[in-house]
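What's in entry10.cif: mmCIF, C-alpha atoms
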data_work
#
loop_
_atom_site.label_atom_id
_atom_site.label_comp_id
_atom_site.auth_asym_id
_atom_site.auth_seq_id
_atom_site.Cartn_x
_atom_site.Cartn_y
_atom_site.Cartn_z
CA MET A 1 108.85 123.61 80.34
CA SER A 2 108.30 120.97 77.65
CA ARG A 3 111.93 119.97 78.05
CA THR A 4 111.40 119.34 81.76
CA LEU A 5 108.27 117.36 80.99
CA PHE A 6 110.11 115.25 78.41
CA ALA A 7 113.04 114.67 80.77
CA ASN A 8 110.67 113.54 83.53
CA ILE A 9 108.78 111.11 81.28
CA ILE A 10 112.05 109.56 80.13
CA ARG A 11 113.29 109.42 83.74
CA PHE A 12 110.05 107.71 84.84
CA ILE A 13 110.26 104.97 82.20
CA PHE A 14 113.99 104.47 82.63
CA LEU A 15 113.80 104.18 86.41
CA VAL A 16 110.81 101.80 86.35
CA LEU A 17 112.67 99.47 83.97
CA LEU A 18 115.96 99.81 85.88
CA GLN A 19 114.25 99.04 89.18
CA GLY A 20 111.90 96.35 87.92
CA LEU A 21 114.34 94.40 85.78
CA ILE A 22 117.84 94.97 87.16
CA LEU A 23 117.83 96.37 90.72
CA PHE A 24 115.03 93.87 91.44
CA ASN A 25 117.72 91.18 91.58
CA VAL A 26 120.36 93.22 93.41
CA GLN A 27 121.03 92.85 97.14
CA LEU A 28 123.83 92.96 99.70
CA PHE A 29 124.25 91.32 103.12
CA ASP A 30 121.83 88.38 102.61
CA GLY A 31 118.99 90.52 101.33
CA ASN A 32 119.18 93.05 104.15
CA SER A 33 120.38 95.83 101.88
CA LEU A 34 118.06 96.43 98.93
CA PRO A 35 118.39 99.43 96.60
CA TYR A 36 115.25 101.40 95.75
CA LEU A 37 116.65 103.89 93.29
CA TYR A 38 113.25 104.61 91.73
CA ILE A 39 112.58 107.33 94.30
CA TYR A 40 115.18 109.37 92.39
CA PHE A 41 112.26 110.26 90.13
CA ILE A 42 110.32 111.79 93.04
CA LEU A 43 113.38 113.59 94.36
CA MET A 44 114.11 115.08 90.91
CA LEU A 45 110.68 116.59 90.24
CA PRO A 46 110.96 120.39 89.87
CA ILE A 47 111.06 122.35 93.12
CA ARG A 48 108.18 124.58 92.10
CA MET A 49 105.95 121.81 90.80
CA SER A 50 102.47 121.79 92.32
CA PRO A 51 102.47 119.46 95.35
CA ILE A 52 99.23 117.92 94.09
CA VAL A 53 100.92 116.85 90.86
CA VAL A 54 103.94 115.57 92.82
CA LEU A 55 101.61 113.45 94.94
CA ILE A 56 99.84 111.93 91.92
CA LEU A 57 103.14 111.20 90.14
CA SER A 58 104.57 109.59 93.30
CA PHE A 59 101.51 107.37 93.51
CA ALA A 60 101.87 106.37 89.84
CA MET A 61 105.56 105.56 90.36
CA GLY A 62 104.78 103.45 93.41
CA LEU A 63 102.08 101.48 91.61
CA ALA A 64 104.37 100.85 88.64
CA ILE A 65 107.02 99.40 90.97
CA ASP A 66 104.36 97.38 92.81
CA THR A 67 103.38 95.59 89.60
CA PHE A 68 106.96 94.41 89.14
CA TYR A 69 107.40 93.46 92.80
CA ASN A 70 103.93 91.86 93.19
CA THR A 71 103.39 93.90 96.35
CA PRO A 72 100.19 95.84 95.59
CA GLY A 73 100.03 99.08 97.57
CA VAL A 74 103.29 98.82 99.49
CA HIS A 75 105.54 100.92 97.26
CA ALA A 76 102.62 103.17 96.36
CA SER A 77 102.09 103.99 100.03
CA ALA A 78 105.78 104.62 100.74
CA SER A 79 106.13 106.82 97.64
CA LEU A 80 103.08 108.82 98.68
CA VAL A 81 104.60 109.51 102.08
CA ILE A 82 107.73 111.10 100.63
CA GLY A 83 105.78 112.77 97.82
CA PHE A 84 103.72 114.45 100.53
CA LEU A 85 106.54 115.31 102.92
CA ARG A 86 108.78 116.58 100.11
CA TYR A 87 106.69 119.75 99.83
CA TYR A 88 107.18 120.65 103.49
CA LEU A 89 110.82 119.61 103.50
CA ILE A 90 111.58 121.85 100.52
CA ARG A 91 109.87 124.75 102.29
CA THR A 92 111.80 124.10 105.50
CA LEU A 93 115.13 123.87 103.69
CA ALA A 94 114.53 127.02 101.65
CA PRO A 95 117.48 129.42 101.52
CA ARG A 96 117.03 132.82 103.18
CA ASP A 97 116.15 134.56 99.91
CA SER A 98 113.88 131.67 98.79
CA TYR A 99 114.38 129.60 95.64
CA ASP A 100 115.34 130.99 92.21
CA ALA A 101 113.17 130.14 89.24
CA MET A 102 116.07 128.12 87.84
CA ASP A 103 116.76 126.09 90.99
CA ARG A 104 116.54 122.33 90.66
CA PRO A 105 116.75 119.79 93.49
CA THR A 106 120.26 118.68 92.58
CA ILE A 107 123.72 118.89 94.13
CA TYR A 108 124.90 121.28 91.40
CA SER A 109 122.01 123.64 91.81
CA MET A 110 121.44 123.66 95.56
CA GLY A 111 124.80 122.61 96.93
CA LEU A 112 125.93 119.45 98.68
CA ASN A 113 124.79 120.53 102.13
CA TRP A 114 121.20 121.16 101.03
CA TYR A 115 121.08 117.98 98.98
CA LEU A 116 122.41 115.75 101.77
CA ARG A 117 119.69 116.89 104.16
CA TYR A 118 117.02 116.67 101.47
CA ALA A 119 117.91 113.24 100.09
CA ILE A 120 118.95 111.46 103.29
CA LEU A 121 115.76 112.43 105.11
CA LEU A 122 113.47 111.36 102.27
CA VAL A 123 115.34 108.10 101.66
CA ILE A 124 115.22 107.10 105.33
CA ILE A 125 111.52 108.00 105.65
CA HIS A 126 110.66 106.09 102.47
CA HIS A 127 112.64 102.97 103.40
CA GLY A 128 111.48 103.01 107.02
CA TRP A 129 107.83 103.17 106.00
CA LEU A 130 108.39 100.56 103.31
CA PHE A 131 109.88 98.02 105.70
CA VAL A 132 107.24 98.70 108.35
CA LEU A 133 104.57 97.87 105.76
CA ASP A 134 106.59 94.88 104.61
CA SER A 135 106.68 93.50 108.15
CA ILE A 136 102.90 93.40 108.58
CA GLY A 137 102.10 90.01 110.02
CA SER A 138 105.55 89.41 111.50
CA PHE A 139 106.55 92.65 113.17
CA ASN A 140 110.19 92.74 114.27
CA LEU A 141 111.63 96.16 115.12
CA TRP A 142 115.24 95.03 114.96
CA ILE A 143 114.86 93.66 111.40
CA ILE A 144 113.06 96.84 110.31
CA ILE A 145 115.84 99.07 111.65
CA LYS A 146 118.58 96.86 110.20
CA LYS A 147 116.98 96.78 106.76
CA THR A 148 116.16 100.48 106.78
CA VAL A 149 119.70 101.56 107.66
CA LEU A 150 121.50 99.16 105.30
CA SER A 151 119.11 99.80 102.39
CA SER A 152 119.15 103.56 102.88
CA ILE A 153 122.93 103.61 102.60
CA PHE A 154 122.79 101.53 99.41
CA THR A 155 120.07 103.66 97.84
CA PHE A 156 121.77 106.90 98.83
CA ILE A 157 125.08 105.89 97.26
CA LEU A 158 123.26 105.00 94.02
CA LEU A 159 121.36 108.29 94.18
CA VAL A 160 124.55 110.35 94.36
CA ILE A 161 126.20 108.33 91.58
CA THR A 162 123.14 108.75 89.34
CA GLN A 163 123.08 112.43 90.18
CA TYR A 164 126.69 112.94 89.06
CA MET A 165 126.17 110.81 85.96
CA PHE A 166 123.00 112.37 84.57
CA SER A 167 122.79 115.88 85.97
CA LYS A 168 124.44 118.62 83.98
CA PRO A 169 126.78 120.79 86.00
CA ILE A 170 126.17 123.90 83.87
CA ARG A 171 123.21 125.95 84.95
CA SER A 172 121.29 126.96 81.89
CA MET B 1 78.92 125.81 102.31
CA ARG B 2 81.44 128.35 101.20
CA ASP B 3 83.37 127.83 104.40
CA LEU B 4 83.44 124.11 103.78
CA LEU B 5 84.81 124.64 100.28
CA LYS B 6 87.39 126.99 101.70
CA LEU B 7 88.40 124.34 104.22
CA VAL B 8 88.68 121.67 101.55
CA ARG B 9 90.80 124.03 99.46
CA LYS B 10 93.06 124.78 102.36
CA TYR B 11 93.70 121.13 103.13
CA GLN B 12 93.41 119.78 99.59
CA LEU B 13 96.97 118.44 99.62
CA PHE B 14 96.43 116.53 102.83
CA LEU B 15 93.03 115.26 101.71
CA LEU B 16 94.41 113.93 98.43
CA PHE B 17 97.27 112.32 100.34
CA LEU B 18 94.77 110.68 102.65
CA ILE B 19 92.59 109.37 99.83
CA LEU B 20 95.51 107.88 97.88
CA GLN B 21 96.95 106.44 101.08
CA ILE B 22 93.61 104.76 101.83
CA ILE B 23 93.62 103.26 98.32
CA SER B 24 97.14 101.91 98.94
CA PHE B 25 96.13 100.36 102.24
CA PHE B 26 93.08 98.87 100.62
CA LEU B 27 95.39 97.20 98.09
CA ILE B 28 97.76 95.99 100.81
CA PHE B 29 95.09 94.43 102.98
CA SER B 30 92.90 92.98 100.26
CA TYR B 31 95.63 90.48 99.63
CA ASN B 32 93.22 87.70 98.74
CA SER B 33 91.38 89.69 96.13
CA PHE B 34 94.82 90.56 94.73
CA GLN B 35 95.03 86.98 93.62
CA LYS B 36 92.13 87.71 91.32
CA ALA B 37 93.17 91.18 90.17
CA THR B 38 95.78 90.70 87.52
CA PHE B 39 96.52 94.18 86.26
CA LEU B 40 98.57 95.11 89.32
CA SER B 41 100.93 92.15 89.13
CA SER B 42 103.79 90.94 87.01
CA THR B 43 101.42 88.72 85.05
CA ASN B 44 99.85 91.67 83.25
CA GLY B 45 100.61 91.88 79.54
CA ILE B 46 102.97 94.87 79.58
CA VAL B 47 105.07 94.04 82.64
CA GLY B 48 105.16 90.34 81.77
CA GLY B 49 106.17 91.12 78.19
CA VAL B 50 108.99 93.44 79.25
CA ALA B 51 110.22 91.00 81.88
CA LYS B 52 110.14 88.18 79.32
CA LYS B 53 112.30 90.13 76.86
CA SER B 54 114.77 90.85 79.61
CA SER B 55 114.90 87.23 80.77
CA GLU B 56 115.46 86.07 77.21
CA VAL B 57 118.61 88.16 77.08
CA SER B 58 119.96 86.90 80.38
CA GLU B 59 118.99 83.33 79.52
CA PHE B 60 121.27 83.47 76.52
CA PHE B 61 124.27 83.92 78.81
CA ASN B 62 123.21 80.98 80.97
CA LEU B 63 122.59 78.48 78.20
CA LYS B 64 125.60 76.40 79.13
CA GLU B 65 124.50 75.91 82.71
CA ILE B 66 120.88 75.24 81.72
CA ASN B 67 122.07 72.59 79.27
CA GLN B 68 124.22 70.99 81.93
CA ARG B 69 121.26 70.70 84.28
CA LEU B 70 119.04 69.25 81.56
CA VAL B 71 121.64 66.60 80.76
CA GLU B 72 121.85 65.68 84.44
CA GLU B 73 118.10 65.37 84.68
CA ASN B 74 117.96 63.27 81.53
CA THR B 75 120.59 60.93 82.90
CA ARG B 76 118.65 60.52 86.09
CA LEU B 77 115.46 59.75 84.19
CA LYS B 78 117.17 57.25 81.91
CA GLU B 79 118.47 55.44 84.93
CA ASN B 80 114.89 54.86 86.04
CA SER B 81 113.42 54.06 82.67
CA LYS B 82 112.61 50.61 81.40
CA LEU B 83 115.68 50.60 79.16
CA SER B 84 118.11 50.39 82.03
CA PHE B 85 116.57 47.26 83.50
CA HIS B 86 117.08 43.82 82.04
CA LYS B 87 114.72 40.97 82.44
CA VAL B 88 115.50 38.64 85.33
CA ASN B 89 113.21 35.90 84.24
CA ASP B 90 111.61 35.22 80.89
CA ASP B 91 108.48 33.93 82.53
CA TYR B 92 107.28 37.42 83.30
CA VAL B 93 106.33 39.82 80.57
CA VAL B 94 105.65 43.47 81.19
CA LEU B 95 102.65 44.80 79.32
CA ASP B 96 101.21 48.27 79.30
CA ASP B 97 98.21 46.99 81.14
CA SER B 98 95.25 48.62 82.78
CA LEU B 99 96.75 48.35 86.26
CA TRP B 100 98.53 51.63 85.69
CA ARG B 101 96.57 54.73 84.94
CA LYS B 102 98.12 58.00 84.10
CA GLN B 103 97.68 60.46 86.95
CA TYR B 104 99.89 63.39 86.05
CA ARG B 105 100.50 65.50 83.00
CA PHE B 106 103.57 67.71 82.77
CA PHE B 107 104.14 71.05 81.06
CA SER B 108 107.36 73.00 80.82
CA ALA B 109 107.65 76.75 81.23
CA ASP B 110 110.39 79.37 81.41
CA VAL B 111 110.83 81.71 84.36
CA VAL B 112 110.20 85.29 83.29
CA GLN B 113 110.81 86.99 86.60
CA SER B 114 111.50 85.80 90.12
CA SER B 115 112.29 87.38 93.46
CA ILE B 116 114.20 85.76 96.30
CA TYR B 117 114.95 88.54 98.79
CA GLN B 118 111.42 89.69 99.61
CA LYS B 119 109.39 88.40 102.51
CA ASN B 120 106.81 87.12 100.05
CA ASN B 121 108.54 86.02 96.90
CA TYR B 122 106.85 85.30 93.60
CA ILE B 123 107.81 83.71 90.30
CA THR B 124 106.31 84.64 86.96
CA ILE B 125 106.37 82.08 84.13
CA ASP B 126 105.69 82.50 80.44
CA LYS B 127 102.66 80.21 80.11
CA GLY B 128 99.08 80.85 81.11
CA ILE B 129 95.50 79.90 80.43
CA GLY B 130 96.36 79.81 76.72
CA SER B 131 98.62 76.80 77.40
CA SER B 132 96.07 75.11 79.70
CA ILE B 133 97.78 76.20 82.89
CA GLU B 134 95.39 76.80 85.77
CA PRO B 135 95.63 77.94 89.40
CA GLY B 136 96.28 75.09 91.80
CA MET B 137 98.82 73.24 89.68
CA GLY B 138 102.10 72.19 91.28
CA VAL B 139 105.44 73.47 89.99
CA MET B 140 108.70 71.53 90.05
CA SER B 141 112.28 72.28 89.09
CA SER B 142 114.68 69.78 87.58
CA ASN B 143 115.59 68.41 91.01
CA GLY B 144 112.99 69.53 93.52
CA ILE B 145 109.75 71.34 94.09
CA VAL B 146 109.11 75.02 93.39
CA GLY B 147 105.59 75.89 94.52
CA LYS B 148 102.09 76.21 93.19
CA VAL B 149 100.31 78.32 90.57
CA ILE B 150 98.06 80.96 92.14
CA LYS B 151 97.06 83.19 89.26
CA CYS B 152 96.93 82.96 85.47
CA THR B 153 96.46 85.40 82.64
CA LYS B 154 96.36 84.49 78.97
CA ASN B 155 100.13 84.26 78.55
CA PHE B 156 101.59 84.36 82.05
CA SER B 157 101.14 82.70 85.42
CA LEU B 158 102.14 83.69 88.91
CA ILE B 159 103.64 81.09 91.22
CA MET B 160 103.72 81.13 94.99
CA PRO B 161 107.04 79.40 95.66
CA VAL B 162 108.16 77.57 98.79
CA ILE B 163 109.95 80.80 99.75
CA HIS B 164 106.69 82.68 100.42
CA SER B 165 105.51 83.25 103.98
CA GLN B 166 102.09 81.71 103.26
CA PHE B 167 103.29 78.54 101.53
CA THR B 168 102.79 75.23 103.32
CA LEU B 169 103.07 71.64 102.12
CA ASN B 170 102.93 68.22 103.73
CA VAL B 171 106.23 66.39 103.38
CA ILE B 172 107.44 63.07 104.76
CA ALA B 173 110.81 61.86 105.95
CA LYS B 174 112.18 59.36 103.45
CA THR B 175 113.65 57.00 106.04
CA THR B 176 110.98 56.96 108.74
CA GLY B 177 107.87 58.01 106.85
CA ASN B 178 106.82 60.59 109.45
CA SER B 179 104.96 63.49 107.96
CA GLY B 180 105.65 67.14 108.73
CA LEU B 181 104.67 70.57 107.51
CA LEU B 182 107.02 72.47 105.21
CA SER B 183 106.94 76.24 105.56
CA TRP B 184 109.08 79.33 105.16
CA LYS B 185 107.68 81.52 107.90
CA GLU B 186 110.77 82.05 109.99
CA GLU B 187 113.33 81.95 107.27
CA ASN B 188 114.93 84.89 105.56
CA ASP B 189 117.11 82.85 103.27
CA TYR B 190 115.97 81.44 99.95
CA ARG B 191 118.08 78.31 100.32
CA TYR B 192 116.40 77.00 103.47
CA ALA B 193 112.93 76.16 104.76
CA ASN B 194 111.51 74.69 107.99
CA VAL B 195 109.71 71.45 108.75
CA ASP B 196 107.37 71.40 111.75
CA HIS B 197 105.26 68.78 113.53
CA ILE B 198 107.91 66.05 113.60
CA THR B 199 107.87 64.55 117.10
CA LYS B 200 111.06 64.33 119.14
CA ASP B 201 111.18 60.54 119.22
CA THR B 202 111.60 60.32 115.44
CA PRO B 203 115.15 59.15 114.74
CA LEU B 204 116.25 61.76 112.21
CA GLU B 205 119.64 63.31 111.75
CA LYS B 206 121.50 65.78 109.60
CA GLY B 207 121.58 64.63 105.99
CA ASP B 208 118.22 62.85 106.00
CA ILE B 209 115.93 63.59 103.08
CA PHE B 210 112.36 64.86 102.99
CA ILE B 211 110.13 63.91 100.05
CA THR B 212 106.65 64.88 98.87
CA ARG B 213 103.77 62.91 100.30
CA PRO B 214 102.12 60.43 97.93
CA GLY B 215 98.59 61.51 97.21
CA SER B 216 99.29 65.20 97.55
CA PRO B 217 97.13 67.12 95.08
CA LEU B 218 100.09 69.22 93.91
CA PHE B 219 102.94 66.79 93.28
CA PRO B 220 103.58 63.15 92.53
CA GLY B 221 104.78 61.38 95.67
CA GLY B 222 108.44 60.78 96.38
CA ILE B 223 109.99 63.90 94.89
CA GLU B 224 112.93 65.06 96.95
CA VAL B 225 112.25 68.39 98.61
CA GLY B 226 115.39 68.95 100.63
CA VAL B 227 118.03 67.65 103.02
CA ILE B 228 118.14 68.28 106.77
CA GLU B 229 120.77 70.91 107.49
CA GLU B 230 120.10 71.45 111.18
CA ILE B 231 117.99 69.48 113.60
CA SER B 232 117.45 70.41 117.23
CA SER B 233 114.73 70.53 119.83
CA ALA B 234 114.17 73.09 122.52
CA PRO B 235 113.86 71.62 126.04
CA GLY B 236 110.21 71.16 126.94
CA ASP B 237 109.19 71.04 123.32
CA ASN B 238 107.74 67.85 121.91
CA PHE B 239 108.80 68.57 118.37
CA HIS B 240 112.02 68.77 116.43
CA THR B 241 113.06 72.10 114.96
CA ILE B 242 114.22 71.19 111.49
CA ARG B 243 116.00 73.41 109.00
CA LEU B 244 115.87 72.02 105.50
CA LEU B 245 118.31 72.79 102.70
CA LEU B 246 116.02 73.00 99.67
CA ASN B 247 116.93 71.00 96.57
CA THR B 248 115.69 73.73 94.27
CA ASN B 249 118.09 76.62 93.86
CA PHE B 250 115.68 79.55 93.61
CA GLY B 251 118.52 81.93 92.83
CA LYS B 252 119.23 80.15 89.54
CA LEU B 253 115.78 78.90 88.61
CA ARG B 254 115.10 79.29 84.88
CA LYS B 255 113.13 76.24 83.74
CA THR B 256 110.13 74.83 85.54
CA THR B 257 107.89 71.82 85.10
CA LEU B 258 104.20 72.19 85.86
CA VAL B 259 102.22 69.26 87.18
CA TYR B 260 98.60 68.69 86.31
CA ASN B 261 96.96 66.09 88.53
CA ILE B 262 94.26 64.38 86.49
CA LEU B 263 92.66 63.07 89.68
CA LYS B 264 92.64 66.47 91.34
CA GLU B 265 88.95 67.08 90.70
CA GLU B 266 88.08 63.82 92.40
CA LEU B 267 90.29 64.71 95.36
CA ASP B 268 88.73 68.14 95.64
CA GLU B 269 85.23 66.69 95.54
CA LEU B 270 86.10 64.28 98.32
CA GLU B 271 87.56 67.04 100.47
CA GLU B 272 84.51 69.18 99.83
CA GLU B 273 82.28 66.37 101.03
CA MET B 274 84.39 65.90 104.15
CA LYS B 275 84.06 69.59 104.92
CA ASN B 276 80.31 69.55 104.54
CA GLU B 277 79.83 66.67 106.91
#
Have the structure of the file written as structure tokens, please.
Amino acid sequence: MSRTLFANIIRFIFLVLLQGLILFNVQLFDGNSLPYLYIYFILMLPIRMSPIVVLILSFAMGLAIDTFYNTPGVHASASLVIGFLRYYLIRTLAPRDSYDAMDRPTIYSMGLNWYLRYAILLVIIHHGWLFVLDSIGSFNLWIIIKKTVLSSIFTFILLVITQYMFSKPIRS
Amino acid sequence: MRDLLKLVRKYQLFLLFLILQIISFFLIFSYNSFQKATFLSSTNGIVGGVAKKSSEVSEFFNLKEINQRLVEENTRLKENSKLSFHKVNDDYVVLDDSLWRKQYRFFSADVVQSSIYQKNNYITIDKGIGSSIEPGMGVMSSNGIVGKVIKCTKNFSLIMPVIHSQFTLNVIAKTTGNSGLLSWKEENDYRYANVDHITKDTPLEKGDIFITRPGSPLFPGGIEVGVIEEISSAPGDNFHTIRLLLNTNFGKLRKTTLVYNILKEELDELEEEMKNE
């Protein structure tokens, strides 16, 4: 348990710095494709973690990113949405004989099929909500859709790469 | 009462979600009070400090280019200085007389963090109240304008650059002297901005330059803002639609110059009086 806690604290700090200092300046297609890898932290929280704790941690992550982006509330709101929906999504995607105590929300643990549905849905919801909030004042559906699709692809590719780089294949 | 508690317990997840979501929306929509709250922005001590360390590392790799730009700016300044003019007639002597009064003071600052792909971009610099920077000061780059200071902490300041959807500034066409309004509302590209309110009969064409208006509280007059990239006018519209290529390259901005207008207080007082009348 303490190992999971330690790993999550390290992951939180690492992802905030990675997002706020490096990915902050990364874009493709004239700024239409922006990576928001920090939600990897929310996706990686233990399956059996209390949804209340998940919600609070998502909010904290969002606020941390907001301070770097100077967008108070925007990332916090989007993170909350997926922190909330994650609980129901995990329940919906549960295998027939429910989750093992050792199961983690990773490709190695749950299989590619499960992970694709899990990650793609949350990424699209997060990005969609984010760009809707971002467009307050100058609403343009076409720009929202374009940015959501292009950014989701970018984020998802980074998610899978990070997953293969940092997740151990051996189940302990 | 027990039933109520039961209900709260049953929906506790949703209730917490709702409360936190309301807090987020409060933050989003209280944009103006955000300018006062500093802890949730990149000017706070921790985030600013981390960003500064990171920019120091990347600055090291860009020293050559920064030097090059400084040399260019120096050359330009020397060209305008007294040294490069020779006296035409010995009858006239230039004295540092009382006809000229200093109106602007300049400070330099390094960029700690800047965004260019958001809808509302911001720049954080490494000087704040401790270095007598205050909100309302203008910010220039080596060859153009950057924006204005909107928030200061002890060691950092936040700048609203031209590439922010709420930035506006009066600019004038160098050749004709017509004044227009610079903004970035419809743009999505950090290299360009728009100029509105220039009437159709103004003879402007691609390549013409816009400069800052003399007497603007933010900048000295006559600083080049940008060059016309596209000029057109929709039929039935009385105004030109002008797309301006900005002189300042926000993508590579590392050094800024802050402008303190010594006469700003007087200007503000005057405007206050006008408003009250």
Next item on the list: Enumerate, as a list in words, the residues matched when the PyMOL selection byres ((chain B) within 7 of (chain A)) is run on the file above.
Entry: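 Applied to this file, the PyMOL selection byres ((chain B) within 7 of (chain A)) returns Leu13, Phe17, Gln21, Ser24, Phe25, Leu27, Ile28, Leu40, Ser41, Ser42, Val47, Ala51, Ser115 and Tyr117 of chain B.
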Take the PyMOL selection byres ((chain B and resi 124) around 8), apply it to the structure above, and return the hits as an MDAnalysis selection string. chainID B and resid 42:43 48 111:114 122:123 125:126 156:159
For the structure shown, which residues end up in the PyMOL selection byres ((chain B and resi 218-230) around 7)? Put them as a list in words, please?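 Listing what the PyMOL selection byres ((chain B and resi 218-230) around 7) selects in the shown file: Met137, Gly138, Gly144, Ile145, Lys206, Gly207, Asp208, Ile209, Phe210, Ile211, Thr212, Arg213, Pro214, Gly215, Ser216, Pro217, Ile231, Ser232, Ile242, Arg243, Leu244, Leu245, Leu246, Asn247, Val259 and Asn261 of chain B.
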As a check of understanding: the span from atom CA of Phe61 of chain B to atom CA of Asn249 of chain B is 17.8 Å
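Taking atom CA of Gln118 of chain B and atom CA of Ile172 of chain B as the two end points, the separation is 27.4 Å.
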If you measure from atom CA of Ser165 of chain B to atom CA of Asn143 of chain B, what distance in Å do you get, rounded to one decimal?
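If I compute the distance from atom CA of Ser165 of chain B to atom CA of Asn143 of chain B, I get 22.1 Å.
With distances taken over all atoms listed in the file, B:Asp196 is the one residue among B:Glu134, B:Glu272, B:Asp196, B:Glu65 lying closest to Ala173 of chain B.
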For segment 120-123 of chain A, work out the shell of residues within 10 Å, counting all atoms listed in the file and skipping chain neighbours fewer than 6 positions away, then give it as a list in words.
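Contacts, in chain order: Tyr36, Leu37, Ile39, Tyr40, Ile42, Leu43, Ser79, Val81, Ile82, Gly83, Leu85, Arg86, Leu89, Trp129, Thr148, Val149, Ser151, Ser152, Ile153, Thr155, Phe156 and Leu159 of chain A.
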query = Which neighbours of Met110 of chain A fall inside 12 Å, counting all atoms listed in the file, when residues of the same chain fewer than 3 positions from it are skipped, and could you give them as a PyMOL selection string?
reply = chain A and resi 47+90+93-95+98-100+102-107+113-119+169+171
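Each of A:Arg91, A:Lys147, A:Arg3, A:Arg11 was checked against Tyr38 of chain A using only C-alpha atoms; the smallest atom-to-atom distance is that of A:Arg11.
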Return as AutoDock Vina command-line options the box centre and box size in Å, one decimal, for an axis-aligned box around all listed atoms of segment 80-92 of chain A padded by 6 Å per side.
--center_x 107.4 --center_y 116.8 --center_z 101.7 --size_x 20.7 --size_y 27.9 --size_z 19.7
